[in-house]
Amino acid sequence: MANGLAMLDANGKVPADQLGVTQPPDASTTQKGIVKLNDTVTSTSVSEAATANAVKTAYDEALAGKQLGVEQKANVVAALNSIGVPASTSESWAQLIPKISAVIRATGNATAADVLAGKTASNANGPFTGQMPNRSAENNHMPGLEPTVWPGDRFFIRPPHGYYDGASWVTAAVPGLTANNLRSGVNVAGLIGTLVEGRPFIKGYGMADLNIGALIIPIPEGFNPGLIRIWRDREGYPDGLPMWASMVPSDHTASPYIWLNPNTLRWEPVTGYAVYGPKNTTLPGNALVYGVGYDNGVRVGNHYEIIALN
């Protein structure tokens with residue numbers, strides 16, 4: 001100091017020794033002092049101070065992170081809700097994480113074609129709706145695509161693709177499969193044949209005559225009847241209703257009833273021929289006359305089949 005005036009140093013500042021003061025120490029976490037400013041947001045210094053710019057940068061990044069967390073929580077909640085798990089954005093992550101951990105990820109390999117139509121399932125690719133048609137619901141007697149036969153063994157019907165509940169049927173039209181086309185006594189899937197080869201055979205349909213209480217069956221000249229069966233029409237019985245019938249003897253005396261049952265394919269012997277009807281009735285000589293039952297006095301139709309003796 002010269003003449004009471006302070007002298008400037010090389011930096012243009014008054015040296016501390018000319019001011020009569022002591023140089024402050026550097027600041028630390030335990031004492032006050034001179035602090036250096038730091039404009040980064042990655043420093044770990046405990047003796048430097050962040051600039052306003054560094055603080056603003058850190059704030060912006062923290063705010064963006066918070067917003068991202070809010071958005072991701074909303075996404076997680078929406079995903080949980082979509083699979084039926086109750087969740088809300090008001091819940092904490094500590095509450096949501098156990099719900100996420102409890103979700104079982106689908107790993108199966110089923111496809112829409114493997115699952116019944118209208119039903120839902122999921123596989124490794126996510127949820128899907130089944131497309132397999134419910135054939136039993138469409139038709140209780142679903143027509144098959146094609147039949148085939150192993151002679152002497154079994155009959156096959158190829159079904160349409162789809163689901164069958166075990167209570168419906170797959171069918172194939174076989175119009176020629178009738179008892180009349182099967183040799184007598186042959187059993188084809190429960191259908192018993194009635195065809196007697198080498199013998200003349202007649203069949204017909206007639207209405208019972210209420211006046212004489214009998215069914216009149218005309219017999220062609222030269223036909224010698226040996227076995228007969230008779231059945232009548234009845235609603236609810238597509239193959240006919242088993243019935244009783246009795247031969248009307250020429251002297252009009254009582255005769256035993258015989259049970260003529262087409263469902264068991266029972267044939268009865270013809271015990272008379274050229275039999276005439278009740279008293280005071282004129283009938284042709286070549287006719288069989290059977291007393292038959294009625295439905296509450298109502299005349300019904302009667303089917304008959306007759307096999308010749310030879």
# chains A, B, ... in the order shown; residues from 1 in each chain; ligands from 1
call {"tool": "select_by_dssp", "arguments": {"residues": "segment 64-220 of chain A", "states": "helix (DSSP H, G or I)", "output": "PyMOL selection string"}}
result
chain A and resi 64-82+93-102+112-114+135-138+179-181
call {"tool": "write_last_selection", "arguments": {"atoms": "N, CA, C and O atoms", "output": "compact mmCIF listing (two decimals), in the first residue's frame"}}
result
# COMPACT_ATOMS: atom_id res chain seq x y z
N ALA A 64 -40.19 -35.59 -16.49
CA ALA A 64 -40.48 -36.50 -17.60
C ALA A 64 -40.56 -37.94 -17.10
O ALA A 64 -41.42 -38.72 -17.52
N GLY A 65 -39.68 -38.31 -16.18
CA GLY A 65 -39.71 -39.66 -15.62
C GLY A 65 -40.97 -39.92 -14.84
O GLY A 65 -41.56 -41.01 -14.91
N LYS A 66 -41.42 -38.92 -14.12
CA LYS A 66 -42.66 -39.07 -13.36
C LYS A 66 -43.84 -39.26 -14.29
O LYS A 66 -44.71 -40.13 -14.06
N GLN A 67 -43.89 -38.48 -15.37
CA GLN A 67 -44.99 -38.58 -16.32
C GLN A 67 -45.00 -39.95 -17.00
O GLN A 67 -46.04 -40.57 -17.20
N LEU A 68 -43.79 -40.42 -17.34
CA LEU A 68 -43.70 -41.74 -17.96
C LEU A 68 -44.20 -42.82 -17.00
O LEU A 68 -44.89 -43.77 -17.40
N GLY A 69 -43.86 -42.67 -15.73
CA GLY A 69 -44.34 -43.63 -14.74
C GLY A 69 -45.86 -43.65 -14.63
O GLY A 69 -46.48 -44.71 -14.52
N VAL A 70 -46.47 -42.47 -14.71
CA VAL A 70 -47.93 -42.37 -14.66
C VAL A 70 -48.54 -43.05 -15.86
O VAL A 70 -49.53 -43.81 -15.76
N GLU A 71 -47.94 -42.81 -17.05
CA GLU A 71 -48.47 -43.40 -18.27
C GLU A 71 -48.32 -44.92 -18.26
O GLU A 71 -49.23 -45.65 -18.66
N GLN A 72 -47.17 -45.39 -17.81
CA GLN A 72 -46.94 -46.83 -17.77
C GLN A 72 -47.86 -47.51 -16.75
O GLN A 72 -48.32 -48.63 -16.98
N LYS A 73 -48.13 -46.85 -15.63
CA LYS A 73 -49.06 -47.42 -14.67
C LYS A 73 -50.45 -47.55 -15.30
O LYS A 73 -51.13 -48.56 -15.11
N ALA A 74 -50.85 -46.53 -16.06
CA ALA A 74 -52.16 -46.59 -16.73
C ALA A 74 -52.20 -47.75 -17.71
O ALA A 74 -53.21 -48.45 -17.84
N ASN A 75 -51.10 -47.98 -18.44
CA ASN A 75 -51.04 -49.09 -19.39
C ASN A 75 -51.13 -50.44 -18.67
O ASN A 75 -51.80 -51.36 -19.12
N VAL A 76 -50.43 -50.56 -17.54
CA VAL A 76 -50.46 -51.80 -16.78
C VAL A 76 -51.86 -52.06 -16.24
O VAL A 76 -52.38 -53.19 -16.30
N VAL A 77 -52.51 -51.02 -15.71
CA VAL A 77 -53.87 -51.17 -15.18
C VAL A 77 -54.82 -51.59 -16.29
O VAL A 77 -55.67 -52.48 -16.09
N ALA A 78 -54.69 -50.96 -17.47
CA ALA A 78 -55.57 -51.32 -18.59
C ALA A 78 -55.36 -52.77 -19.01
O ALA A 78 -56.33 -53.49 -19.31
N ALA A 79 -54.10 -53.23 -19.03
CA ALA A 79 -53.82 -54.61 -19.41
C ALA A 79 -54.40 -55.60 -18.40
O ALA A 79 -54.96 -56.63 -18.77
N LEU A 80 -54.30 -55.28 -17.12
CA LEU A 80 -54.87 -56.15 -16.09
C LEU A 80 -56.38 -56.20 -16.20
O LEU A 80 -56.99 -57.28 -16.11
N ASN A 81 -57.00 -55.04 -16.41
CA ASN A 81 -58.46 -55.01 -16.54
C ASN A 81 -58.94 -55.80 -17.75
O ASN A 81 -60.01 -56.42 -17.71
N SER A 82 -58.14 -55.79 -18.84
CA SER A 82 -58.57 -56.48 -20.07
C SER A 82 -58.63 -57.98 -19.90
O SER A 82 -59.31 -58.67 -20.67
N TRP A 93 -47.54 -49.00 -6.94
CA TRP A 93 -46.84 -50.08 -7.63
C TRP A 93 -46.70 -51.29 -6.70
O TRP A 93 -46.72 -52.43 -7.17
N ALA A 94 -46.56 -51.04 -5.44
CA ALA A 94 -46.44 -52.16 -4.49
C ALA A 94 -47.70 -53.01 -4.48
O ALA A 94 -47.65 -54.21 -4.18
N GLN A 95 -48.85 -52.39 -4.79
CA GLN A 95 -50.11 -53.14 -4.86
C GLN A 95 -50.30 -53.79 -6.23
O GLN A 95 -50.91 -54.85 -6.34
N LEU A 96 -49.79 -53.17 -7.28
CA LEU A 96 -50.00 -53.69 -8.64
C LEU A 96 -49.06 -54.83 -8.98
O LEU A 96 -49.43 -55.76 -9.71
N ILE A 97 -47.84 -54.79 -8.47
CA ILE A 97 -46.85 -55.80 -8.86
C ILE A 97 -47.30 -57.22 -8.49
O ILE A 97 -47.16 -58.15 -9.31
N PRO A 98 -47.87 -57.48 -7.30
CA PRO A 98 -48.35 -58.85 -7.03
C PRO A 98 -49.44 -59.30 -8.00
O PRO A 98 -49.52 -60.49 -8.34
N LYS A 99 -50.28 -58.37 -8.45
CA LYS A 99 -51.32 -58.74 -9.42
C LYS A 99 -50.70 -59.11 -10.76
O LYS A 99 -51.16 -60.04 -11.43
N ILE A 100 -49.65 -58.40 -11.14
CA ILE A 100 -48.96 -58.72 -12.39
C ILE A 100 -48.31 -60.10 -12.27
O ILE A 100 -48.37 -60.92 -13.19
N SER A 101 -47.71 -60.38 -11.14
CA SER A 101 -47.00 -61.65 -10.94
C SER A 101 -47.96 -62.83 -10.96
O SER A 101 -47.57 -63.95 -11.30
N ALA A 102 -49.23 -62.59 -10.58
CA ALA A 102 -50.20 -63.69 -10.51
C ALA A 102 -50.80 -64.05 -11.87
O ALA A 102 -51.47 -65.07 -12.00
N ALA A 112 -58.24 -71.63 -33.40
CA ALA A 112 -59.67 -71.37 -33.50
C ALA A 112 -60.42 -72.58 -34.05
O ALA A 112 -61.56 -72.84 -33.67
N ALA A 113 -59.78 -73.34 -34.94
CA ALA A 113 -60.44 -74.51 -35.52
C ALA A 113 -60.59 -75.64 -34.52
O ALA A 113 -61.40 -76.55 -34.72
N ASP A 114 -59.84 -75.59 -33.42
CA ASP A 114 -59.90 -76.65 -32.41
C ASP A 114 -60.92 -76.37 -31.31
O ASP A 114 -61.19 -77.25 -30.49
N ARG A 135 -71.99 -79.46 -34.79
CA ARG A 135 -72.84 -80.27 -35.68
C ARG A 135 -74.07 -80.81 -34.97
O ARG A 135 -75.14 -80.93 -35.57
N SER A 136 -73.95 -81.15 -33.68
CA SER A 136 -75.10 -81.70 -32.96
C SER A 136 -76.21 -80.66 -32.83
O SER A 136 -77.39 -80.99 -32.85
N ALA A 137 -75.81 -79.37 -32.69
CA ALA A 137 -76.82 -78.32 -32.60
C ALA A 137 -77.45 -78.05 -33.95
O ALA A 137 -78.60 -77.61 -34.03
N GLU A 138 -76.72 -78.29 -35.03
CA GLU A 138 -77.25 -78.04 -36.38
C GLU A 138 -78.30 -79.08 -36.77
O GLU A 138 -79.32 -78.75 -37.35
N ALA A 179 -86.37 -104.79 -44.50
CA ALA A 179 -86.55 -106.19 -44.11
C ALA A 179 -86.91 -107.06 -45.31
O ALA A 179 -86.49 -108.22 -45.40
N ASN A 180 -87.68 -106.51 -46.25
CA ASN A 180 -88.11 -107.28 -47.41
C ASN A 180 -86.95 -107.63 -48.34
O ASN A 180 -87.04 -108.55 -49.15
N ASN A 181 -85.83 -106.85 -48.24
CA ASN A 181 -84.68 -107.11 -49.10
C ASN A 181 -83.62 -107.97 -48.43
O ASN A 181 -82.59 -108.26 -49.03
call {"tool": "residues_around", "arguments": {"residues": "Ala189 of chain A", "least_positions_apart": "6", "cutoff": "12 Å", "atoms": "only C-alpha atoms", "output": "ChimeraX atom specification"}}
result
/A:152-155,177-179,182
call {"tool": "residues_around", "arguments": {"residues": "Ala49 of chain A", "least_positions_apart": "5", "cutoff": "12 Å", "atoms": "only C-alpha atoms", "output": "PyMOL selection string"}}
result
chain A and resi 26-29+33-41+43-44+54-55
call {"tool": "closest_residue", "arguments": {"among": "A:Tyr164, A:Phe201, A:Trp231, A:Phe128", "to": "His303 of chain A", "atoms": "only C-alpha atoms"}}
result
A:Trp231
call {"tool": "atom_distance", "arguments": {"atom1": "atom CA of Thr111 of chain A", "atom2": "atom CA of Gly84 of chain A"}}
result
21.7 Å
call {"tool": "atom_distance", "arguments": {"atom1": "atom CA of Asp17 of chain A", "atom2": "atom CA of Gln31 of chain A"}}
result
22.7 Å
call {"tool": "residues_around", "arguments": {"residues": "Gly198 of chain A", "least_positions_apart": "5", "cutoff": "12 Å", "atoms": "only C-alpha atoms", "output": "PyMOL selection string"}}
result
chain A and resi 183-184+307-310
call {"tool": "closest_residue", "arguments": {"among": "A:Pro160, A:Ala172, A:Thr57, A:Phe223", "to": "Pro147 of chain A", "atoms": "only C-alpha atoms"}}
result
A:Ala172
call {"tool": "decode", "arguments": {"residues": "segment 149-182 of chain A", "atoms": "N, CA, C and O atoms", "output": "compact mmCIF listing (two decimals), in the first residue's frame"}}
result
# COMPACT_ATOMS: atom_id res chain seq x y z
N VAL A 149 -68.55 -99.63 -47.07
CA VAL A 149 -68.85 -100.90 -46.41
C VAL A 149 -67.66 -101.83 -46.52
O VAL A 149 -67.02 -101.94 -47.57
N TRP A 150 -67.34 -102.49 -45.41
CA TRP A 150 -66.45 -103.64 -45.43
C TRP A 150 -67.35 -104.87 -45.42
O TRP A 150 -67.94 -105.20 -44.38
N PRO A 151 -67.52 -105.54 -46.54
CA PRO A 151 -68.47 -106.65 -46.61
C PRO A 151 -68.22 -107.68 -45.51
O PRO A 151 -67.09 -108.09 -45.27
N GLY A 152 -69.30 -108.03 -44.84
CA GLY A 152 -69.21 -109.01 -43.78
C GLY A 152 -68.58 -108.49 -42.51
O GLY A 152 -68.37 -109.25 -41.57
N ASP A 153 -68.27 -107.19 -42.46
CA ASP A 153 -67.58 -106.66 -41.29
C ASP A 153 -68.31 -105.47 -40.70
O ASP A 153 -68.98 -105.57 -39.69
N ARG A 154 -68.22 -104.30 -41.36
CA ARG A 154 -68.82 -103.10 -40.77
C ARG A 154 -69.15 -102.06 -41.82
O ARG A 154 -68.68 -102.13 -42.96
N PHE A 155 -69.95 -101.07 -41.39
CA PHE A 155 -70.44 -99.98 -42.24
C PHE A 155 -69.86 -98.67 -41.69
O PHE A 155 -69.93 -98.43 -40.48
N PHE A 156 -69.30 -97.83 -42.55
CA PHE A 156 -68.68 -96.59 -42.13
C PHE A 156 -69.42 -95.38 -42.72
O PHE A 156 -69.90 -95.44 -43.86
N ILE A 157 -69.48 -94.30 -41.93
CA ILE A 157 -70.02 -93.02 -42.42
C ILE A 157 -69.02 -91.93 -42.04
O ILE A 157 -68.71 -91.77 -40.85
N ARG A 158 -68.51 -91.22 -43.01
CA ARG A 158 -67.56 -90.14 -42.73
C ARG A 158 -68.33 -88.88 -42.35
O ARG A 158 -69.10 -88.35 -43.15
N PRO A 159 -68.15 -88.39 -41.12
CA PRO A 159 -68.92 -87.22 -40.68
C PRO A 159 -68.30 -85.91 -41.14
O PRO A 159 -67.08 -85.84 -41.38
N PRO A 160 -69.08 -84.85 -41.26
CA PRO A 160 -68.51 -83.52 -41.51
C PRO A 160 -67.67 -83.10 -40.32
O PRO A 160 -67.93 -83.51 -39.18
N HIS A 161 -66.65 -82.28 -40.59
CA HIS A 161 -65.81 -81.78 -39.49
C HIS A 161 -66.64 -80.98 -38.51
O HIS A 161 -67.52 -80.22 -38.89
N GLY A 162 -66.38 -81.15 -37.23
CA GLY A 162 -67.09 -80.36 -36.24
C GLY A 162 -67.21 -81.11 -34.92
O GLY A 162 -66.63 -82.18 -34.72
N TYR A 163 -68.01 -80.51 -34.04
CA TYR A 163 -68.20 -81.05 -32.69
C TYR A 163 -69.49 -81.85 -32.62
O TYR A 163 -70.53 -81.44 -33.15
N TYR A 164 -69.43 -83.02 -31.95
CA TYR A 164 -70.60 -83.87 -31.74
C TYR A 164 -70.69 -84.17 -30.24
O TYR A 164 -69.69 -84.52 -29.62
N ASP A 165 -71.89 -84.00 -29.67
CA ASP A 165 -72.04 -84.10 -28.23
C ASP A 165 -72.26 -85.53 -27.73
O ASP A 165 -72.42 -85.77 -26.54
N GLY A 166 -72.26 -86.51 -28.61
CA GLY A 166 -72.45 -87.89 -28.21
C GLY A 166 -73.90 -88.33 -28.14
O GLY A 166 -74.18 -89.51 -27.94
N ALA A 167 -74.84 -87.37 -28.30
CA ALA A 167 -76.26 -87.71 -28.25
C ALA A 167 -76.92 -87.59 -29.62
O ALA A 167 -78.11 -87.84 -29.75
N SER A 168 -76.16 -87.21 -30.64
CA SER A 168 -76.72 -87.07 -31.99
C SER A 168 -76.15 -88.17 -32.88
O SER A 168 -75.29 -88.95 -32.47
N TRP A 169 -76.63 -88.19 -34.12
CA TRP A 169 -76.27 -89.27 -35.04
C TRP A 169 -75.72 -88.71 -36.34
O TRP A 169 -76.09 -87.62 -36.76
N VAL A 170 -74.87 -89.50 -36.98
CA VAL A 170 -74.44 -89.23 -38.35
C VAL A 170 -75.08 -90.29 -39.23
O VAL A 170 -75.00 -91.49 -38.93
N THR A 171 -75.77 -89.86 -40.28
CA THR A 171 -76.60 -90.78 -41.05
C THR A 171 -76.15 -90.88 -42.50
O THR A 171 -75.44 -90.01 -43.02
N ALA A 172 -76.59 -91.94 -43.15
CA ALA A 172 -76.40 -92.13 -44.59
C ALA A 172 -77.66 -92.78 -45.14
O ALA A 172 -78.19 -93.73 -44.54
N ALA A 173 -78.18 -92.25 -46.22
CA ALA A 173 -79.40 -92.79 -46.82
C ALA A 173 -79.12 -94.16 -47.44
O ALA A 173 -78.21 -94.30 -48.26
N VAL A 174 -79.88 -95.17 -47.03
CA VAL A 174 -79.76 -96.52 -47.59
C VAL A 174 -81.17 -97.01 -47.89
O VAL A 174 -81.73 -97.84 -47.16
N PRO A 175 -81.79 -96.49 -48.96
CA PRO A 175 -83.19 -96.83 -49.22
C PRO A 175 -83.44 -98.31 -49.47
O PRO A 175 -84.53 -98.81 -49.24
N GLY A 176 -82.43 -99.04 -49.92
CA GLY A 176 -82.64 -100.46 -50.19
C GLY A 176 -82.51 -101.35 -48.98
O GLY A 176 -82.76 -102.56 -49.06
N LEU A 177 -82.14 -100.76 -47.82
CA LEU A 177 -81.95 -101.57 -46.62
C LEU A 177 -83.29 -101.72 -45.91
O LEU A 177 -83.64 -100.97 -45.01
N THR A 178 -84.07 -102.71 -46.33
CA THR A 178 -85.37 -102.99 -45.73
C THR A 178 -85.45 -104.47 -45.38
O THR A 178 -84.69 -105.30 -45.91
N ALA A 179 -86.37 -104.79 -44.50
CA ALA A 179 -86.55 -106.19 -44.11
C ALA A 179 -86.91 -107.06 -45.31
O ALA A 179 -86.49 -108.22 -45.40
N ASN A 180 -87.68 -106.51 -46.25
CA ASN A 180 -88.11 -107.28 -47.41
C ASN A 180 -86.95 -107.63 -48.34
O ASN A 180 -87.04 -108.55 -49.15
N ASN A 181 -85.83 -106.85 -48.24
CA ASN A 181 -84.68 -107.11 -49.10
C ASN A 181 -83.62 -107.97 -48.43
O ASN A 181 -82.59 -108.26 -49.03
N LEU A 182 -83.87 -108.34 -47.19
CA LEU A 182 -82.92 -109.19 -46.47
C LEU A 182 -83.49 -110.59 -46.32
O LEU A 182 -84.68 -110.76 -46.05
